[in-house]
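Q: Pasting target30.pdb here (PDB, C-alpha atoms):
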MODEL        1
ATOM      1  CA  MET A  10     -50.400-163.732  79.116
ATOM      2  CA  GLU A  11     -51.274-167.074  77.510
ATOM      3  CA  LYS A  12     -51.579-165.347  74.122
ATOM      4  CA  THR A  13     -48.042-163.949  74.549
ATOM      5  CA  ILE A  14     -46.663-167.429  75.278
ATOM      6  CA  GLU A  15     -48.408-168.847  72.191
ATOM      7  CA  SER A  16     -47.056-165.991  70.099
ATOM      8  CA  ALA A  17     -43.497-166.575  71.337
ATOM      9  CA  LYS A  18     -43.758-170.296  70.546
ATOM     10  CA  GLU A  19     -45.067-169.522  67.040
ATOM     11  CA  ILE A  20     -42.174-167.158  66.404
ATOM     12  CA  GLU A  21     -39.625-169.740  67.539
ATOM     13  CA  GLU A  22     -41.232-172.447  65.394
ATOM     14  CA  GLU A  23     -41.137-170.108  62.409
ATOM     15  CA  THR A  24     -37.596-168.809  62.893
ATOM     16  CA  GLY A  25     -35.869-171.569  64.855
ATOM     17  CA  SER A  26     -33.439-171.019  67.681
ATOM     18  CA  TYR A  27     -30.263-170.227  65.722
ATOM     19  CA  LEU A  28     -29.588-167.185  63.514
ATOM     20  CA  GLN A  29     -26.698-166.727  61.109
ATOM     21  CA  LEU A  30     -26.203-163.022  60.415
ATOM     22  CA  SER A  31     -23.955-161.822  57.588
ATOM     23  CA  PHE A  32     -23.081-158.310  56.412
ATOM     24  CA  SER A  33     -21.530-157.647  53.015
ATOM     25  CA  ARG A  34     -21.036-154.604  50.880
ATOM     26  CA  ALA A  35     -20.864-154.050  47.172
ATOM     27  CA  PRO A  36     -20.715-151.268  44.618
ATOM     28  CA  LYS A  37     -24.194-149.771  44.067
ATOM     29  CA  LYS A  38     -23.944-150.661  40.364
ATOM     30  CA  ASN A  39     -24.084-154.369  41.348
ATOM     31  CA  GLN A  40     -27.304-154.167  43.399
ATOM     32  CA  GLU A  41     -29.595-155.709  40.755
ATOM     33  CA  ALA A  42     -27.176-158.562  40.013
ATOM     34  CA  LEU A  43     -26.873-159.216  43.760
ATOM     35  CA  ALA A  44     -30.666-159.205  44.117
ATOM     36  CA  GLN A  45     -30.966-161.878  41.424
ATOM     37  CA  LEU A  46     -28.176-163.924  42.989
ATOM     38  CA  GLY A  47     -29.825-163.513  46.393
ATOM     39  CA  LYS A  48     -33.032-165.063  45.043
ATOM     40  CA  ARG A  49     -31.105-168.157  43.939
ATOM     41  CA  TRP A  50     -29.355-168.355  47.311
ATOM     42  CA  VAL A  51     -32.606-168.037  49.289
ATOM     43  CA  GLN A  52     -34.200-170.767  47.137
ATOM     44  CA  TRP A  53     -31.289-173.104  47.859
ATOM     45  CA  LEU A  54     -31.528-172.417  51.591
ATOM     46  CA  ASN A  55     -35.313-172.857  51.617
ATOM     47  CA  LYS A  56     -34.854-176.250  49.967
ATOM     48  CA  HIS A  57     -32.737-177.230  52.992
ATOM     49  CA  GLY A  58     -35.225-176.022  55.608
ATOM     50  CA  VAL A  59     -33.651-172.617  56.239
ATOM     51  CA  SER A  60     -35.752-169.467  56.344
ATOM     52  CA  SER A  61     -33.684-166.655  54.875
ATOM     53  CA  LYS A  62     -34.181-162.932  54.333
ATOM     54  CA  ILE A  63     -31.903-160.385  52.682
ATOM     55  CA  TYR A  64     -32.114-156.650  53.379
ATOM     56  CA  TYR A  65     -30.200-153.606  52.148
ATOM     57  CA  LEU A  66     -29.372-150.526  54.195
ATOM     58  CA  ASN A  67     -31.613-147.654  53.077
ATOM     59  CA  ASN A  68     -28.684-145.262  52.940
ATOM     60  CA  SER A  69     -25.104-145.170  54.081
ATOM     61  CA  SER A  70     -25.495-141.872  55.863
ATOM     62  CA  THR A  71     -24.440-141.467  59.467
ATOM     63  CA  THR A  72     -27.628-139.471  60.072
ATOM     64  CA  THR A  73     -31.202-140.673  60.471
ATOM     65  CA  THR A  74     -34.230-139.372  58.600
ATOM     66  CA  THR A  75     -37.310-138.651  60.684
ATOM     67  CA  THR A  76     -40.910-138.934  59.468
ATOM     68  CA  THR A  77     -40.717-135.262  58.484
ATOM     69  CA  SER A  78     -37.617-135.974  56.326
ATOM     70  CA  GLU A  79     -35.463-134.010  58.737
ATOM     71  CA  GLN A  80     -31.858-135.253  59.006
ATOM     72  CA  VAL A  81     -30.749-135.826  62.605
ATOM     73  CA  SER A  82     -27.704-137.456  64.135
ATOM     74  CA  PRO A  83     -28.249-140.569  66.262
ATOM     75  CA  PRO A  84     -28.335-140.001  70.032
ATOM     76  CA  GLN A  85     -25.050-140.154  71.938
ATOM     77  CA  GLY A  86     -23.989-143.756  72.541
ATOM     78  CA  ILE A  87     -25.661-145.060  69.351
ATOM     79  CA  GLU A  88     -23.567-145.611  66.231
ATOM     80  CA  SER A  89     -24.613-146.107  62.634
ATOM     81  CA  ILE A  90     -23.719-149.506  61.166
ATOM     82  CA  ALA A  91     -22.703-147.696  57.975
ATOM     83  CA  LYS A  92     -20.270-145.550  59.954
ATOM     84  CA  ILE A  93     -18.791-148.447  61.939
ATOM     85  CA  LEU A  94     -18.253-150.499  58.766
ATOM     86  CA  SER A  95     -17.043-147.423  56.796
ATOM     87  CA  VAL A  96     -19.593-147.899  53.995
ATOM     88  CA  SER A  97     -18.860-145.394  51.233
ATOM     89  CA  ASP A  98     -21.499-143.398  49.370
ATOM     90  CA  ASP A  99     -21.057-145.535  46.239
ATOM     91  CA  GLU A 100     -21.599-148.820  48.126
ATOM     92  CA  ILE A 101     -24.612-150.737  49.370
ATOM     93  CA  LEU A 102     -24.626-152.704  52.603
ATOM     94  CA  GLY A 103     -26.575-155.933  52.641
ATOM     95  CA  VAL A 104     -27.494-158.129  55.563
ATOM     96  CA  SER A 105     -28.525-161.763  55.240
ATOM     97  CA  LEU A 106     -30.525-163.394  58.031
ATOM     98  CA  GLN A 107     -30.648-167.180  57.977
ATOM     99  CA  PHE A 108     -32.905-168.865  60.520
ATOM    100  CA  TYR A 109     -32.080-172.480  61.448
ATOM    101  CA  ARG A 110     -33.858-174.885  63.795
ATOM    102  CA  ASP A 111     -30.695-175.028  65.912
ATOM    103  CA  GLN A 112     -26.919-174.996  65.538
ATOM    104  CA  ALA A 113     -26.849-178.687  64.530
ATOM    105  CA  HIS A 114     -29.181-177.831  61.620
ATOM    106  CA  ALA A 115     -26.849-174.963  60.620
ATOM    107  CA  ASP A 116     -23.842-177.318  60.719
ATOM    108  CA  GLU A 117     -25.717-179.889  58.612
ATOM    109  CA  VAL A 118     -26.685-177.302  55.983
ATOM    110  CA  TYR A 119     -23.128-175.895  55.931
ATOM    111  CA  SER A 120     -21.778-179.393  55.271
ATOM    112  CA  LYS A 121     -24.214-179.807  52.361
ATOM    113  CA  MET A 122     -23.258-176.364  51.081
ATOM    114  CA  MET A 123     -19.575-177.317  50.922
ATOM    115  CA  GLN A 124     -20.447-180.359  48.775
ATOM    116  CA  ASP A 125     -22.896-178.597  46.437
ATOM    117  CA  GLU A 126     -21.693-177.282  43.056
ATOM    118  CA  THR A 127     -24.583-174.804  42.886
ATOM    119  CA  CYS A 128     -23.356-173.169  46.100
ATOM    120  CA  GLY A 129     -19.842-173.016  44.717
ATOM    121  CA  ALA A 130     -21.092-171.188  41.621
ATOM    122  CA  ILE A 131     -23.208-168.809  43.731
ATOM    123  CA  GLY A 132     -20.183-168.123  45.950
ATOM    124  CA  LYS A 133     -17.912-167.337  42.995
ATOM    125  CA  GLU A 134     -20.492-165.001  41.467
ATOM    126  CA  PHE A 135     -21.038-163.322  44.847
ATOM    127  CA  ASP A 136     -17.283-162.764  45.231
ATOM    128  CA  SER A 137     -17.197-161.061  41.828
ATOM    129  CA  LEU A 138     -19.985-158.628  42.831
ATOM    130  CA  VAL A 139     -18.966-157.503  46.332
ATOM    131  CA  THR A 140     -16.459-154.759  47.109
ATOM    132  CA  PRO A 141     -12.931-156.125  46.475
ATOM    133  CA  GLY A 142     -10.775-156.401  49.580
ATOM    134  CA  LYS A 143     -13.709-156.179  52.002
ATOM    135  CA  SER A 144     -14.586-159.288  53.983
ATOM    136  CA  MET A 145     -18.066-160.517  54.791
ATOM    137  CA  ILE A 146     -18.826-160.058  58.481
ATOM    138  CA  THR A 147     -20.733-163.036  59.841
ATOM    139  CA  ASP A 148     -21.505-165.054  62.927
ATOM    140  CA  GLY A 149     -24.139-167.261  64.516
ATOM    141  CA  PHE A 150     -26.465-166.359  67.378
ATOM    142  CA  SER A 151     -28.523-168.561  69.681
ATOM    143  CA  ARG A 152     -31.937-167.382  70.832
ATOM    144  CA  LEU A 153     -32.054-165.882  74.319
ATOM    145  CA  ARG A 154     -34.188-168.125  76.512
ATOM    146  CA  MET A 155     -36.524-166.413  78.951
TER     147      MET A 155
ENDMDL
END
Please render this file's structure as structure tokens.
A:
Amino acid sequence: MEKTIESAKEIEEETGSYLQLSFSRAPKKNQEALAQLGKRWVQWLNKHGVSSKIYYLNNSSTTTTTTTSEQVSPPQGIESIAKILSVSDDEILGVSLQFYRDQAHADEVYSKMMQDETCGAIGKEFDSLVTPGKSMITDGFSRLRM
């Protein structure tokens, strides 16, 4: 039990208590350019004490692949993110996870971001690479306390 408590504290220290989650989609042809841009973005965030990870959806199918490569539909009551967001076959879906100490830290970093020319340039380049007419889906989450 004590080991579990230590582990939970280590995770919170590593990830903080506030998560900003953002989904965006882009044409598959832009994946490499987005990966390079993502590296610059993560470096900027790291410099400001934010742990950040970027992931891409493995496929935009509404089915799941099992370990035997068999295609199966998700169980009833479970929906595919790709289906809900209507991701087309020629698009990639990316998710950015940004871990802050707390919401005040997120607000502080956001304020710095709005003043920083580097962030402005990254934002403009990002806008040129994502699917036109599709908004980024984002919000902040506080850690559930147990």
Q: So which residues touch region 97-109 of chain A within 9 Å, counting all atoms listed in the file, skipping near sequence neighbours fewer than 6 positions away, as a count of residues only?
A: 36
Q: Could you tell me how far CA of Ala113 (chain A) lies from CA of Ile131 (chain A), in Å and to one decimal?
A: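 Answer for the CA of Ala113 (chain A) to CA of Ile131 (chain A) separation: 23.3 Å.
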Q: Please report the interatomic distance between CA of Gly129 (chain A) and CA of Leu46 (chain A) in Å with one decimal.
A: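 Separating CA of Gly129 (chain A) from CA of Leu46 (chain A) is a distance of 12.5 Å.
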Q: Which one of A:Pro141, A:His57, A:Arg154, A:Gln85 sits closest to His114 (chain A) if you count all atoms listed in the file?
A: A:His57
Q: Find the residue from A:Glu126, A:Val118, A:Glu134, A:Pro84 that sits nearest to Lys56 (chain A); use all atoms listed in the file when measuring.
A: A:Val118
Q: Using Å and a single decimal, report how far CA of Gln124 (chain A) sits from CA of Glu41 (chain A).
A: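 Those two atoms sit 27.5 Å apart.
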Q: Just checking: using all atoms listed in the file, which residue out of A:Gly142, A:Phe135, A:Asp116, A:Phe150 ends up closest to Gly47 (chain A)?
A: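 Nearest to Gly47 (chain A): A:Phe135.
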Q: So, with all atoms listed in the file as the atoms that count, which of A:Trp53, A:Lys48, A:Leu138, A:Leu94 lies closest to Lys121 (chain A)?
A: A:Trp53
Q: Check the smallest atom-to-atom distance from each of A:Asp111, A:Arg49, A:Ala44, A:Gly86 to Ala130 (chain A) using only C-alpha atoms, then report the winner.
A: A:Arg49
